[in-house]
>>> print(open('coords_34.txt').read())   # compact mmCIF, C-alpha atoms
# COMPACT_ATOMS: atom_id res chain seq x y z
CA MET A 1 -42.27 26.19 18.01
CA GLY A 2 -45.82 25.77 16.92
CA HIS A 3 -47.19 27.14 13.64
CA THR A 4 -50.91 27.57 13.52
CA SER A 5 -52.93 29.52 11.01
CA VAL A 6 -56.32 31.04 11.60
CA ARG A 7 -57.18 31.02 7.91
CA THR A 8 -55.53 29.43 4.93
CA ARG A 9 -54.44 32.12 2.48
CA SER A 10 -54.35 31.62 -1.27
CA ARG A 11 -51.16 32.10 -3.27
CA SER A 12 -52.33 35.47 -4.58
CA GLU A 13 -53.15 36.64 -1.05
CA ILE A 14 -49.68 35.63 0.13
CA TRP A 15 -48.17 37.57 -2.80
CA GLN A 16 -50.29 40.63 -1.96
CA GLY A 17 -49.05 40.38 1.62
CA PHE A 18 -45.68 41.74 0.49
CA GLU A 19 -45.17 45.51 0.28
CA ALA A 20 -44.75 47.07 -3.18
CA THR A 21 -40.98 47.44 -2.74
CA GLU A 22 -40.77 43.88 -1.47
CA ARG A 23 -42.70 42.56 -4.48
CA ARG A 24 -40.21 44.26 -6.81
CA GLU A 25 -37.32 42.65 -4.98
CA VAL A 26 -39.01 39.24 -4.74
CA GLY A 27 -39.67 39.25 -8.49
CA THR A 28 -36.10 40.37 -9.16
CA VAL A 29 -34.57 37.64 -6.99
CA ILE A 30 -36.76 34.94 -8.56
CA VAL A 31 -35.78 36.07 -12.08
CA SER A 32 -32.11 36.51 -11.17
CA THR A 33 -32.13 33.07 -9.50
CA LEU A 34 -33.31 31.56 -12.79
CA GLN A 35 -30.64 33.50 -14.67
CA SER A 36 -27.82 32.90 -12.17
CA GLN A 37 -28.53 29.21 -11.50
CA SER A 38 -28.92 28.34 -15.19
CA THR A 39 -25.67 30.19 -15.97
CA SER A 40 -23.94 28.44 -13.06
CA ALA A 41 -25.11 25.04 -14.33
CA LEU A 42 -23.84 25.93 -17.79
CA LEU A 43 -20.50 27.14 -16.40
CA LEU A 44 -20.03 23.98 -14.32
CA LEU A 45 -20.68 21.83 -17.39
CA LEU A 46 -18.26 23.92 -19.47
CA LEU A 47 -15.50 23.75 -16.85
CA SER A 48 -15.89 19.96 -16.64
CA LEU A 49 -15.67 19.67 -20.43
CA LEU A 50 -12.72 22.08 -20.53
CA ALA A 51 -10.83 20.11 -17.86
CA LEU A 52 -11.50 16.89 -19.75
CA ARG A 53 -10.24 18.46 -22.99
CA VAL A 54 -7.08 19.91 -21.44
CA THR A 55 -6.07 16.92 -19.28
CA GLY A 56 -7.52 14.07 -21.32
CA SER A 57 -8.37 12.28 -18.05
CA PRO A 58 -11.93 11.35 -17.01
CA ALA A 59 -10.94 11.94 -13.36
CA SER A 60 -10.57 15.66 -14.02
CA ALA A 61 -14.33 16.33 -14.16
CA PRO A 62 -15.06 14.99 -10.62
CA LEU A 63 -12.07 16.99 -9.38
CA VAL A 64 -13.71 20.17 -10.66
CA VAL A 65 -16.73 19.42 -8.47
CA ALA A 66 -14.49 18.51 -5.52
CA VAL A 67 -12.61 21.83 -5.76
CA GLY A 68 -15.96 23.63 -5.71
CA ALA A 69 -16.79 22.10 -2.31
CA LEU A 70 -13.80 23.67 -0.51
CA PRO A 71 -14.65 27.42 -0.28
CA ALA A 72 -17.74 26.88 1.89
CA LEU A 73 -15.43 25.48 4.60
CA LEU A 74 -12.44 27.76 4.15
CA LEU A 75 -14.40 31.02 3.97
CA VAL A 76 -17.03 30.45 6.66
CA ARG A 77 -15.65 33.18 8.95
CA ALA A 78 -15.39 35.72 6.13
CA VAL A 79 -18.90 34.87 4.92
CA ARG A 80 -20.36 35.42 8.38
CA ILE A 81 -18.55 38.75 8.90
CA VAL A 82 -19.57 40.08 5.48
CA ASN A 83 -23.20 39.11 6.00
CA GLN A 84 -23.15 40.77 9.43
CA LEU A 85 -21.90 44.10 8.06
CA VAL A 86 -23.15 44.36 4.46
CA ASP A 87 -26.73 44.46 3.22
CA HIS A 88 -27.77 41.06 1.81
CA ARG A 89 -28.77 42.61 -1.52
CA TRP A 90 -25.30 44.06 -1.99
CA VAL A 91 -23.69 40.72 -1.07
CA MET A 92 -25.77 38.98 -3.77
CA LEU A 93 -24.91 41.71 -6.26
CA LEU A 94 -21.16 41.56 -5.57
CA SER A 95 -21.16 37.75 -5.60
CA ASP A 96 -22.63 37.73 -9.10
CA ALA A 97 -20.09 40.41 -10.07
CA GLY A 98 -17.32 38.05 -8.98
CA ALA A 99 -18.84 35.20 -10.99
CA PHE A 100 -18.99 37.54 -14.00
CA VAL A 101 -15.26 38.32 -13.65
CA VAL A 102 -14.42 34.59 -13.41
CA ALA A 103 -16.45 33.74 -16.52
CA LEU A 104 -14.97 36.69 -18.44
CA THR A 105 -11.40 35.73 -17.47
CA LEU A 106 -11.86 32.09 -18.46
CA TRP A 107 -13.37 33.21 -21.76
CA GLN A 108 -10.32 35.37 -22.45
CA LEU A 109 -7.92 32.54 -21.53
CA VAL A 110 -9.69 30.02 -23.77
CA ARG A 111 -9.90 32.62 -26.53
CA ALA A 112 -6.13 33.16 -26.30
CA GLY A 113 -5.61 29.40 -26.49
CA GLY A 114 -3.37 29.24 -23.42
CA VAL A 115 -5.58 27.89 -20.63
CA HIS A 116 -3.86 25.50 -18.22
CA THR A 117 -5.25 22.89 -15.86
CA TRP A 118 -4.46 24.89 -12.71
CA GLN A 119 -6.30 27.88 -14.16
CA ILE A 120 -9.44 25.78 -14.64
CA TYR A 121 -9.35 24.57 -11.04
CA ALA A 122 -8.54 28.08 -9.77
CA GLY A 123 -11.47 29.42 -11.76
CA MET A 124 -13.79 26.81 -10.23
CA PHE A 125 -12.49 27.61 -6.74
CA LEU A 126 -13.10 31.34 -7.20
CA PHE A 127 -16.50 30.73 -8.76
CA ALA A 128 -17.52 28.54 -5.81
CA ALA A 129 -16.05 31.09 -3.37
CA PHE A 130 -18.35 33.82 -4.66
CA GLY A 131 -21.22 31.33 -4.47
CA ALA A 132 -20.33 30.68 -0.80
CA PHE A 133 -21.19 34.33 -0.08
CA TYR A 134 -24.31 34.35 -2.29
CA LEU A 135 -26.37 31.55 -0.72
CA PRO A 136 -26.27 32.73 2.94
CA ALA A 137 -27.04 36.27 1.76
CA MET A 138 -30.00 35.11 -0.30
CA ARG A 139 -31.37 32.98 2.55
CA GLY A 140 -30.90 35.85 4.97
CA TRP A 141 -32.73 38.14 2.56
CA VAL A 142 -35.56 35.56 2.23
CA ALA A 143 -35.96 35.42 6.02
CA GLY A 144 -36.00 39.23 6.16
CA GLN A 145 -38.76 39.48 3.54
CA THR A 146 -41.09 37.01 5.23
CA THR A 147 -43.03 37.28 8.48
CA GLY A 148 -44.11 33.67 9.01
CA LEU A 149 -43.76 30.09 7.86
CA GLU A 150 -46.54 30.51 5.26
CA GLN A 151 -44.77 33.36 3.45
CA LEU A 152 -41.41 31.65 3.90
CA THR A 153 -42.67 28.43 2.29
CA TRP A 154 -44.23 30.40 -0.58
CA LEU A 155 -40.98 32.24 -1.34
CA ASN A 156 -38.81 29.12 -0.99
CA ALA A 157 -41.20 27.23 -3.28
CA MET A 158 -40.99 29.99 -5.92
CA LEU A 159 -37.19 29.97 -5.70
CA ALA A 160 -37.26 26.17 -6.03
CA VAL A 161 -39.38 26.55 -9.18
CA ALA A 162 -36.81 28.98 -10.59
CA THR A 163 -33.96 26.63 -9.64
CA GLN A 164 -35.57 23.62 -11.31
CA ALA A 165 -36.28 25.69 -14.42
CA ALA A 166 -32.59 26.64 -14.35
CA VAL A 167 -31.68 22.93 -14.32
CA VAL A 168 -33.68 22.40 -17.50
CA VAL A 169 -32.35 25.54 -19.18
CA GLY A 170 -28.73 25.27 -18.03
CA TRP A 171 -28.07 21.64 -18.82
CA ALA A 172 -30.13 21.51 -22.01
CA LEU A 173 -28.66 24.78 -23.27
CA GLY A 174 -25.16 23.72 -22.23
CA GLY A 175 -25.28 20.55 -24.30
CA VAL A 176 -26.50 22.44 -27.36
CA LEU A 177 -24.08 25.35 -27.03
CA ALA A 178 -20.99 23.26 -26.31
CA SER A 179 -21.62 21.15 -29.42
CA SER A 180 -22.61 24.07 -31.69
CA ILE A 181 -20.58 27.19 -30.85
CA GLY A 182 -17.92 25.50 -28.72
CA ILE A 183 -16.62 26.09 -25.20
CA GLU A 184 -15.14 29.49 -26.03
CA GLY A 185 -18.39 30.96 -27.31
CA SER A 186 -20.36 29.38 -24.47
CA LEU A 187 -18.10 30.97 -21.85
CA GLY A 188 -18.64 34.32 -23.54
CA LEU A 189 -22.41 33.84 -23.25
CA CYS A 190 -21.97 32.96 -19.55
CA ALA A 191 -20.22 36.27 -18.95
CA LEU A 192 -22.92 38.12 -20.89
CA SER A 193 -25.67 36.41 -18.87
CA TYR A 194 -24.07 37.43 -15.58
CA ALA A 195 -23.75 41.00 -16.87
CA VAL A 196 -27.49 41.14 -17.66
CA GLY A 197 -28.33 39.81 -14.19
CA LEU A 198 -26.03 42.39 -12.57
CA VAL A 199 -27.74 45.25 -14.37
CA LEU A 200 -31.20 43.97 -13.35
CA GLN A 201 -30.26 43.60 -9.68
CA PHE A 202 -28.47 46.95 -9.53
CA VAL A 203 -31.40 48.81 -11.06
CA VAL A 204 -34.01 47.27 -8.73
CA PHE A 205 -32.00 46.98 -5.50
CA VAL A 206 -29.95 50.17 -5.65
CA VAL A 207 -31.47 52.62 -8.13
CA ILE A 208 -35.18 52.01 -7.44
CA ASN A 209 -35.29 50.68 -3.86
CA GLY A 210 -32.19 52.52 -2.65
CA ALA A 211 -30.43 49.67 -0.84
CA SER A 212 -27.62 50.98 1.38
CA PHE A 213 -24.29 49.16 1.31
CA ARG A 214 -23.95 48.67 5.04
CA LYS A 215 -26.63 47.23 7.24
CA PRO A 216 -28.31 49.88 9.40
CA ALA A 217 -27.29 49.94 13.05
CA GLY A 218 -29.55 47.72 15.11
CA ALA A 219 -30.36 45.38 12.22
CA PRO A 220 -30.28 41.65 13.04
CA GLY A 221 -26.72 40.36 13.12
CA THR A 222 -25.09 43.79 13.58
CA VAL A 223 -23.58 45.59 16.52
CA ALA A 224 -24.51 49.24 16.85
CA SER A 225 -21.52 51.56 16.74
CA GLY A 226 -20.59 53.27 19.98
CA THR A 227 -22.37 50.76 22.18
CA ALA A 228 -19.30 48.78 23.25
CA GLU A 229 -15.55 49.04 23.45
CA PRO A 230 -13.55 47.37 20.64
CA HIS A 231 -12.36 44.51 22.83
CA ALA A 232 -15.84 43.98 24.24
CA ALA A 233 -17.33 44.07 20.75
CA ALA A 234 -14.79 41.51 19.56
CA ALA A 235 -15.61 39.31 22.52
CA ASP A 236 -19.30 39.66 21.76
CA ARG A 237 -18.72 38.63 18.13
CA ALA A 238 -16.66 35.62 19.20
CA SER A 239 -19.39 34.65 21.63
CA ALA A 240 -22.01 35.14 18.91
CA THR A 241 -20.01 32.92 16.55
CA THR A 242 -19.88 30.15 19.12
CA GLY A 243 -23.55 30.68 19.83
CA VAL A 244 -24.58 30.24 16.20
CA TRP A 245 -22.66 26.98 15.91
CA ARG A 246 -24.23 25.78 19.15
CA ASP A 247 -27.75 26.82 18.16
CA VAL A 248 -27.55 25.23 14.71
CA PHE A 249 -25.81 21.96 15.52
CA SER A 250 -26.51 21.18 19.18
CA PRO A 251 -28.94 18.21 19.46
CA ARG A 252 -30.51 19.95 22.46
CA ARG A 253 -31.38 23.00 20.34
CA LEU A 254 -31.79 22.91 16.55
CA GLY A 255 -29.30 20.17 15.74
CA LEU A 256 -31.89 17.56 14.78
CA PHE A 257 -33.64 19.95 12.37
CA THR A 258 -30.25 20.85 10.85
CA ALA A 259 -29.35 17.16 10.57
CA ALA A 260 -32.60 16.46 8.69
CA LEU A 261 -31.80 19.20 6.17
CA LEU A 262 -28.19 18.05 5.80
CA LEU A 263 -29.20 14.42 5.19
CA MET A 264 -31.75 15.49 2.58
CA GLU A 265 -29.23 17.69 0.73
CA LEU A 266 -26.58 14.95 0.81
CA THR A 267 -29.05 12.42 -0.58
CA HIS A 268 -29.84 14.66 -3.55
CA THR A 269 -26.20 15.53 -4.23
CA LEU A 270 -24.78 12.02 -3.95
CA GLY A 271 -27.77 10.43 -5.70
CA PHE A 272 -27.47 12.79 -8.64
CA SER A 273 -23.75 12.05 -8.95
CA MET A 274 -24.77 8.44 -9.77
CA PHE A 275 -27.78 9.39 -11.87
CA VAL A 276 -26.23 9.19 -15.35
CA PRO A 277 -24.32 5.89 -14.89
CA LEU A 278 -27.36 4.39 -13.14
CA LEU A 279 -29.65 5.04 -16.11
CA THR A 280 -27.22 4.64 -18.98
CA GLY A 281 -24.91 1.91 -17.74
CA GLY A 282 -22.18 3.69 -19.67
CA ALA A 283 -23.97 3.14 -23.01
CA ALA A 284 -24.15 6.25 -25.18
CA ASP A 285 -27.37 5.07 -26.86
CA ARG A 286 -29.16 5.21 -23.47
CA SER A 287 -28.20 8.83 -22.70
CA TRP A 288 -31.66 9.98 -23.82
CA ILE A 289 -33.12 8.18 -20.80
CA ALA A 290 -31.08 10.23 -18.34
CA GLY A 291 -31.82 13.49 -20.14
CA THR A 292 -35.55 12.82 -20.41
CA ALA A 293 -35.84 11.65 -16.80
CA ASN A 294 -34.00 14.71 -15.47
CA ALA A 295 -36.12 17.09 -17.58
CA CYS A 296 -39.35 15.38 -16.42
CA PHE A 297 -38.20 15.59 -12.81
CA ALA A 298 -37.43 19.30 -13.13
CA LEU A 299 -40.75 20.08 -14.78
CA ALA A 300 -42.67 18.05 -12.17
CA ALA A 301 -40.73 19.80 -9.39
CA MET A 302 -41.74 23.17 -10.84
CA ILE A 303 -45.39 22.13 -10.72
CA SER A 304 -44.92 20.85 -7.17
CA GLY A 305 -43.35 24.14 -6.11
CA VAL A 306 -46.34 26.09 -7.36
CA LEU A 307 -48.83 23.71 -5.71
CA VAL A 308 -47.25 23.79 -2.24
CA SER A 309 -46.50 27.53 -2.28
CA GLY A 310 -49.83 28.38 -0.61
CA GLY A 311 -53.46 27.49 -0.10
CA ALA A 312 -54.85 24.39 1.56
CA LEU A 313 -52.38 22.06 -0.19
CA GLY A 314 -49.44 24.13 0.98
CA GLN A 315 -50.74 24.08 4.55
CA TRP A 316 -51.30 20.32 4.36
CA THR A 317 -47.76 19.76 3.04
CA ARG A 318 -46.18 21.90 5.77
CA ALA A 319 -48.05 19.97 8.45
CA ARG A 320 -46.96 16.61 7.00
CA ALA A 321 -43.49 17.48 5.65
CA PRO A 322 -41.72 14.43 7.22
CA GLN A 323 -44.28 12.01 5.74
CA VAL A 324 -44.11 13.65 2.29
CA VAL A 325 -40.31 13.49 2.37
CA LEU A 326 -40.41 9.79 3.34
CA VAL A 327 -42.89 8.95 0.57
CA GLY A 328 -40.73 10.80 -1.94
CA PHE A 329 -37.63 8.82 -1.04
CA CYS A 330 -39.63 5.56 -1.05
CA VAL A 331 -40.66 6.30 -4.64
CA GLN A 332 -37.01 7.08 -5.39
CA ILE A 333 -36.08 3.61 -4.08
CA VAL A 334 -38.61 2.03 -6.45
CA PHE A 335 -37.12 4.17 -9.23
CA GLY A 336 -33.65 2.80 -8.43
CA LEU A 337 -35.01 -0.74 -8.74
CA SER A 338 -36.72 0.02 -12.09
CA VAL A 339 -33.91 1.53 -14.17
CA ALA A 340 -33.95 -1.44 -16.54
CA HIS A 341 -37.37 -0.27 -17.78
CA PRO A 342 -36.90 3.21 -19.29
CA VAL A 343 -40.51 4.39 -19.50
CA TRP A 344 -41.33 3.16 -16.00
CA ALA A 345 -38.15 4.76 -14.62
CA ILE A 346 -38.88 8.12 -16.27
CA GLY A 347 -42.43 8.10 -14.91
CA LEU A 348 -41.27 7.26 -11.39
CA TYR A 349 -38.65 10.00 -11.45
CA ALA A 350 -41.33 12.48 -12.48
CA VAL A 351 -43.36 11.36 -9.43
CA VAL A 352 -40.28 12.02 -7.28
CA GLY A 353 -40.31 15.55 -8.72
CA LEU A 354 -43.98 16.00 -7.82
CA LEU A 355 -43.24 14.97 -4.24
CA SER A 356 -40.28 17.34 -3.98
CA GLY A 357 -42.61 19.93 -2.46
CA GLY A 358 -41.90 18.15 0.81
CA ASP A 359 -38.25 19.14 0.41
CA ALA A 360 -39.23 22.82 0.15
CA ALA A 361 -41.44 22.45 3.23
CA LEU A 362 -38.58 20.82 5.17
CA GLN A 363 -36.15 23.55 4.16
CA SER A 364 -38.63 26.28 5.08
CA GLU A 365 -39.33 24.76 8.48
CA VAL A 366 -35.63 24.48 9.31
CA GLN A 367 -34.96 28.01 8.08
CA ASP A 368 -37.86 29.30 10.17
CA ARG A 369 -36.40 27.58 13.23
CA TRP A 370 -33.06 29.25 12.47
CA ARG A 371 -34.51 32.79 12.64
CA PRO A 372 -33.42 33.51 16.25
CA ALA A 373 -29.81 32.58 15.36
CA GLY A 374 -29.92 34.68 12.15
CA SER A 375 -30.68 32.96 8.86
CA SER A 376 -27.60 34.18 6.95
CA GLN A 377 -25.31 33.25 9.86
CA ALA A 378 -26.95 29.84 10.21
CA PHE A 379 -26.61 29.14 6.49
CA ALA A 380 -22.94 30.15 6.59
CA VAL A 381 -22.08 27.63 9.32
CA PHE A 382 -24.35 25.07 7.68
CA GLY A 383 -22.44 25.51 4.41
CA ALA A 384 -19.17 25.04 6.27
CA VAL A 385 -20.36 21.55 7.22
CA GLN A 386 -22.31 20.75 4.06
CA GLY A 387 -19.35 21.33 1.70
CA PRO A 388 -16.94 18.93 3.42
CA ALA A 389 -19.77 16.44 3.96
CA GLN A 390 -20.44 16.43 0.21
CA LEU A 391 -16.72 16.01 -0.48
CA VAL A 392 -16.37 13.10 1.97
CA GLY A 393 -19.61 11.57 0.70
CA SER A 394 -18.46 11.79 -2.91
CA LEU A 395 -15.15 10.11 -2.06
CA ALA A 396 -17.02 7.40 -0.11
CA VAL A 397 -19.36 6.79 -3.05
CA ALA A 398 -16.38 6.59 -5.43
CA ALA A 399 -14.72 4.02 -3.14
CA LEU A 400 -17.89 1.93 -2.85
CA LEU A 401 -18.35 1.93 -6.63
CA THR A 402 -15.04 0.10 -6.99
CA CYS A 403 -16.51 -2.98 -5.32
CA LEU A 404 -20.30 -2.59 -5.62
CA SER A 405 -22.72 -1.91 -8.46
CA VAL A 406 -24.08 1.56 -9.10
CA GLY A 407 -27.62 0.42 -8.29
CA THR A 408 -26.57 -1.00 -4.91
CA VAL A 409 -24.73 2.16 -3.86
CA TYR A 410 -27.57 4.37 -5.10
CA LEU A 411 -30.21 2.43 -3.18
CA GLY A 412 -28.07 2.34 -0.05
CA THR A 413 -27.61 6.11 -0.22
CA VAL A 414 -31.34 6.78 -0.52
CA VAL A 415 -32.29 4.28 2.19
CA VAL A 416 -29.73 5.45 4.76
CA LEU A 417 -29.59 9.20 4.10
CA GLY A 418 -32.93 9.91 2.42
CA LEU A 419 -35.21 7.97 4.73
CA GLY A 420 -33.00 9.08 7.60
CA SER A 421 -33.77 12.74 6.88
CA GLY A 422 -37.53 12.19 7.18
CA LEU A 423 -37.18 10.14 10.35
CA VAL A 424 -34.84 12.68 11.96
CA LEU A 425 -37.32 15.48 11.16
CA MET A 426 -40.09 13.49 12.84
CA LEU A 427 -37.88 13.05 15.90
CA ALA A 428 -36.95 16.74 15.91
CA ARG A 429 -40.61 17.76 15.81
CA ALA A 430 -41.50 15.34 18.58
CA ARG A 431 -38.77 16.73 20.85
CA ALA A 432 -39.56 20.37 20.00
CA GLU A 433 -43.26 19.94 20.70
CA ALA A 434 -42.84 17.89 23.87
CA PRO A 435 -44.61 19.66 26.75
CA PRO A 436 -42.38 21.01 29.52
CA PRO A 437 -42.25 19.12 32.82
CA ARG A 438 -45.36 19.84 34.84
CA VAL A 439 -44.73 21.53 38.16
CA GLU A 440 -47.50 21.45 40.74
CA ALA A 441 -48.17 24.71 42.49
CA PRO A 442 -47.59 24.56 46.25
CA VAL A 443 -50.73 24.22 48.30
>>> encode(input="coords_34.txt", output="structure tokens")
Amino acid sequence: MGHTSVRTRSRSEIWQGFEATERREVGTVIVSTLQSQSTSALLLLLLSLLALRVTGSPASAPLVVAVGALPALLLVRAVRIVNQLVDHRWVMLLSDAGAFVVALTLWQLVRAGGVHTWQIYAGMFLFAAFGAFYLPAMRGWVAGQTTGLEQLTWLNAMLAVATQAAVVVGWALGGVLASSIGIEGSLGLCALSYAVGLVLQFVVFVVINGASFRKPAGAPGTVASGTAEPHAAAADRASATTGVWRDVFSPRRLGLFTAALLLMELTHTLGFSMFVPLLTGGAADRSWIAGTANACFALAAMISGVLVSGGALGQWTRARAPQVVLVGFCVQIVFGLSVAHPVWAIGLYAVVGLLSGGDAALQSEVQDRWRPAGSSQAFAVFGAVQGPAQLVGSLAVAALLTCLSVGTVYLGTVVVLGLGSGLVLMLARARAEAPPPRVEAPV
């Protein structure tokens, strides 16, 4: 699939390329992403602290994260069916409504003073379950709003900016709130934040733009009513399910592009799980290094997202996404070797953030390749593999840390998975762009 552009458009021209109703929805999703992701980061931190307080065991916090990885696998069929039948905007709205109910319930339990360990894990499972519906719906909505790779990269970059801002807000605010007003008050603020986001989305999506609950007949991923018998329709859906898995993961189709995205996501997840012990060495007086480095990374990533969202630099980054990804992970390797020098390590991690625009370009390219299979369906099956892969990877990292140093495991993860993602993307592009066998016309 080749992507050529006659003229490089500026960021403002890309923005003006959206219809007025689309601009309202794009702005709403970007703002709600900032609100939802920062609240989710805060809630995850609070649940980890609550589990630690209730159980008194340090192992409880990683278990909270592990429980959150299960719904993406267990609910993949339900996620695909819902996203086939229900408008993506309503799926996002209802997912945030579920997260609001979870936060409100946990707040009431903590307020009553009777929260138990199983309730914390159940709350995390339900919270992650609603998130399992949200991400495929949002990605499907993104694909529906964009008409080409240029617009898709712009929108993904803006969402990445909002996500990185949420990292700064969520984690920084979480530390302040948990130590000032306590876990109970912080959970109440989480519920309030979700309520504000729900009102914003409902007003824009439903009241102003009139989003219908069900997808219209003939929309991508739906089967028009009356066009097939029930058994035939069921057979068609089963065949479509198999087809999506085959399209997304088959090495002969889009499997190499999917593998590149999966390796990149795993590198970030597993690397970040070792981030704090890598920089602090378990010493409380070095915690400022981890906090400062993470904040600098997030701020640099926000700048990178804006820079690669359009214009000549955005076009250059899209064309050279594998090389930018490889350079970013090479800098991350140097960062892993320099953790003994705080200022140098913080500066290098900020450079990693500046190069993260390559990650947005990689994600956009893979998502653009997924369009024929249906973006929301592709993300659902991708999440069904990504969740267990993160769980297995986390357990493997935990096992390796029992016999190897944090720095060794961190570097090994970046070298194998991170550099592997860039190399696999290069291979995927080479195979996709290979010319078909030449057949001579008969004389």
>>> closest_atom_pairs(input="coords_34.txt", of="range 262-327 of chain A", to="range 362-382 of chain A", cutoff="9 Å", atoms="only C-alpha atoms", output="JSON lines")
{"residue": "A:Leu262", "atom": "CA", "partner": "A:Phe382", "partner_atom": "CA", "distance": 8.2}
{"residue": "A:Arg318", "atom": "CA", "partner": "A:Leu362", "partner_atom": "CA", "distance": 7.7}
{"residue": "A:Ala321", "atom": "CA", "partner": "A:Leu362", "partner_atom": "CA", "distance": 6.0}
{"residue": "A:Pro322", "atom": "CA", "partner": "A:Leu362", "partner_atom": "CA", "distance": 7.4}
{"residue": "A:Val325", "atom": "CA", "partner": "A:Leu362", "partner_atom": "CA", "distance": 8.0}
>>> closest_atom_pairs(input="coords_34.txt", of="range 70-148 of chain A", to="range 37-57 of chain A", cutoff="12 Å", atoms="all atoms listed in the file", output="CSV")
residue,atom,partner,partner_atom,distance
A:Asp96,CA,A:Ser40,CA,10.2
A:Ala99,CA,A:Ser40,CA,8.7
A:Phe100,CA,A:Thr39,CA,10.1
A:Val102,CA,A:Leu43,CA,10.1
A:Ala103,CA,A:Leu43,CA,7.7
A:Leu104,CA,A:Leu43,CA,11.2
A:Leu106,CA,A:Leu47,CA,9.2
A:Trp107,CA,A:Leu46,CA,10.7
A:Leu109,CA,A:Leu50,CA,11.6
A:Val110,CA,A:Leu50,CA,9.1
A:Gly113,CA,A:Val54,CA,10.9
A:Gly114,CA,A:Val54,CA,10.2
A:Val115,CA,A:Val54,CA,8.2
A:His116,CA,A:Val54,CA,7.2
A:Thr117,CA,A:Ala51,CA,6.5
A:Trp118,CA,A:Ala51,CA,9.5
A:Gln119,CA,A:Ala51,CA,9.7
A:Ile120,CA,A:Ala51,CA,6.7
A:Tyr121,CA,A:Ala51,CA,8.3
A:Ala122,CA,A:Leu47,CA,10.8
A:Gly123,CA,A:Leu47,CA,8.6
A:Met124,CA,A:Leu47,CA,7.5
A:Phe125,CA,A:Leu47,CA,11.2
A:Phe127,CA,A:Ser40,CA,8.9
A:Ala128,CA,A:Ser40,CA,9.7
A:Phe130,CA,A:Ser40,CA,11.4
A:Gly131,CA,A:Ser40,CA,9.5
A:Tyr134,CA,A:Gln37,CA,11.4
A:Leu135,CA,A:Gln37,CA,11.2
>>> write_last_selection(input="coords_34.txt", atoms="C-alpha atoms", output="compact mmCIF listing (two decimals), in the frame of the given file")
# COMPACT_ATOMS: atom_id res chain seq x y z
CA ASP A 96 -22.63 37.73 -9.10
CA ALA A 99 -18.84 35.20 -10.99
CA PHE A 100 -18.99 37.54 -14.00
CA VAL A 102 -14.42 34.59 -13.41
CA ALA A 103 -16.45 33.74 -16.52
CA LEU A 104 -14.97 36.69 -18.44
CA LEU A 106 -11.86 32.09 -18.46
CA TRP A 107 -13.37 33.21 -21.76
CA LEU A 109 -7.92 32.54 -21.53
CA VAL A 110 -9.69 30.02 -23.77
CA GLY A 113 -5.61 29.40 -26.49
CA GLY A 114 -3.37 29.24 -23.42
CA VAL A 115 -5.58 27.89 -20.63
CA HIS A 116 -3.86 25.50 -18.22
CA THR A 117 -5.25 22.89 -15.86
CA TRP A 118 -4.46 24.89 -12.71
CA GLN A 119 -6.30 27.88 -14.16
CA ILE A 120 -9.44 25.78 -14.64
CA TYR A 121 -9.35 24.57 -11.04
CA ALA A 122 -8.54 28.08 -9.77
CA GLY A 123 -11.47 29.42 -11.76
CA MET A 124 -13.79 26.81 -10.23
CA PHE A 125 -12.49 27.61 -6.74
CA PHE A 127 -16.50 30.73 -8.76
CA ALA A 128 -17.52 28.54 -5.81
CA PHE A 130 -18.35 33.82 -4.66
CA GLY A 131 -21.22 31.33 -4.47
CA TYR A 134 -24.31 34.35 -2.29
CA LEU A 135 -26.37 31.55 -0.72
>>> axis_aligned_box(input="coords_34.txt", around="range 328-343 of chain A", padding_each_side="5 Å", output="JSON")
{"center_x": -37.2, "center_y": 4.7, "center_z": -10.3, "size_x": 17.1, "size_y": 22.2, "size_z": 28.5}
>>> atom_distance(input="coords_34.txt", atom1="CA of Ala300 in chain A", atom2="CA of Val327 in chain A")
15.7 Å
>>> closest_residue(input="coords_34.txt", among="A:Ser95, A:Gly328, A:Leu337, A:Ser394", to="Thr408 in chain A", atoms="all atoms listed in the file")
A:Leu337
>>> closest_residue(input="coords_34.txt", among="A:Leu270, A:Trp15, A:Ala350, A:Val415", to="Ile303 in chain A", atoms="all atoms listed in the file")
A:Ala350
>>> residues_near_point(input="coords_34.txt", point="(-28.4, 24.6, 16.4)", cutoff="10 Å", atoms="all atoms listed in the file", output="NGL selection string")
:A and (243-259 or 369-370 or 373 or 378 or 381-382)
>>> residues_near_point(input="coords_34.txt", point="(-24.2, 43.7, 5.5)", cutoff="9 Å", atoms="only C-alpha atoms", output="list in words")
Ile81, Val82, Asn83, Gln84, Leu85, Val86, Asp87, His88, Arg89, Trp90, Val91, Ala137, Phe213, Arg214, Lys215, Pro216, Gly221 and Thr222 of chain A
>>> atom_distance(input="coords_34.txt", atom1="CA of Val416 in chain A", atom2="CA of Leu263 in chain A")
9.0 Å
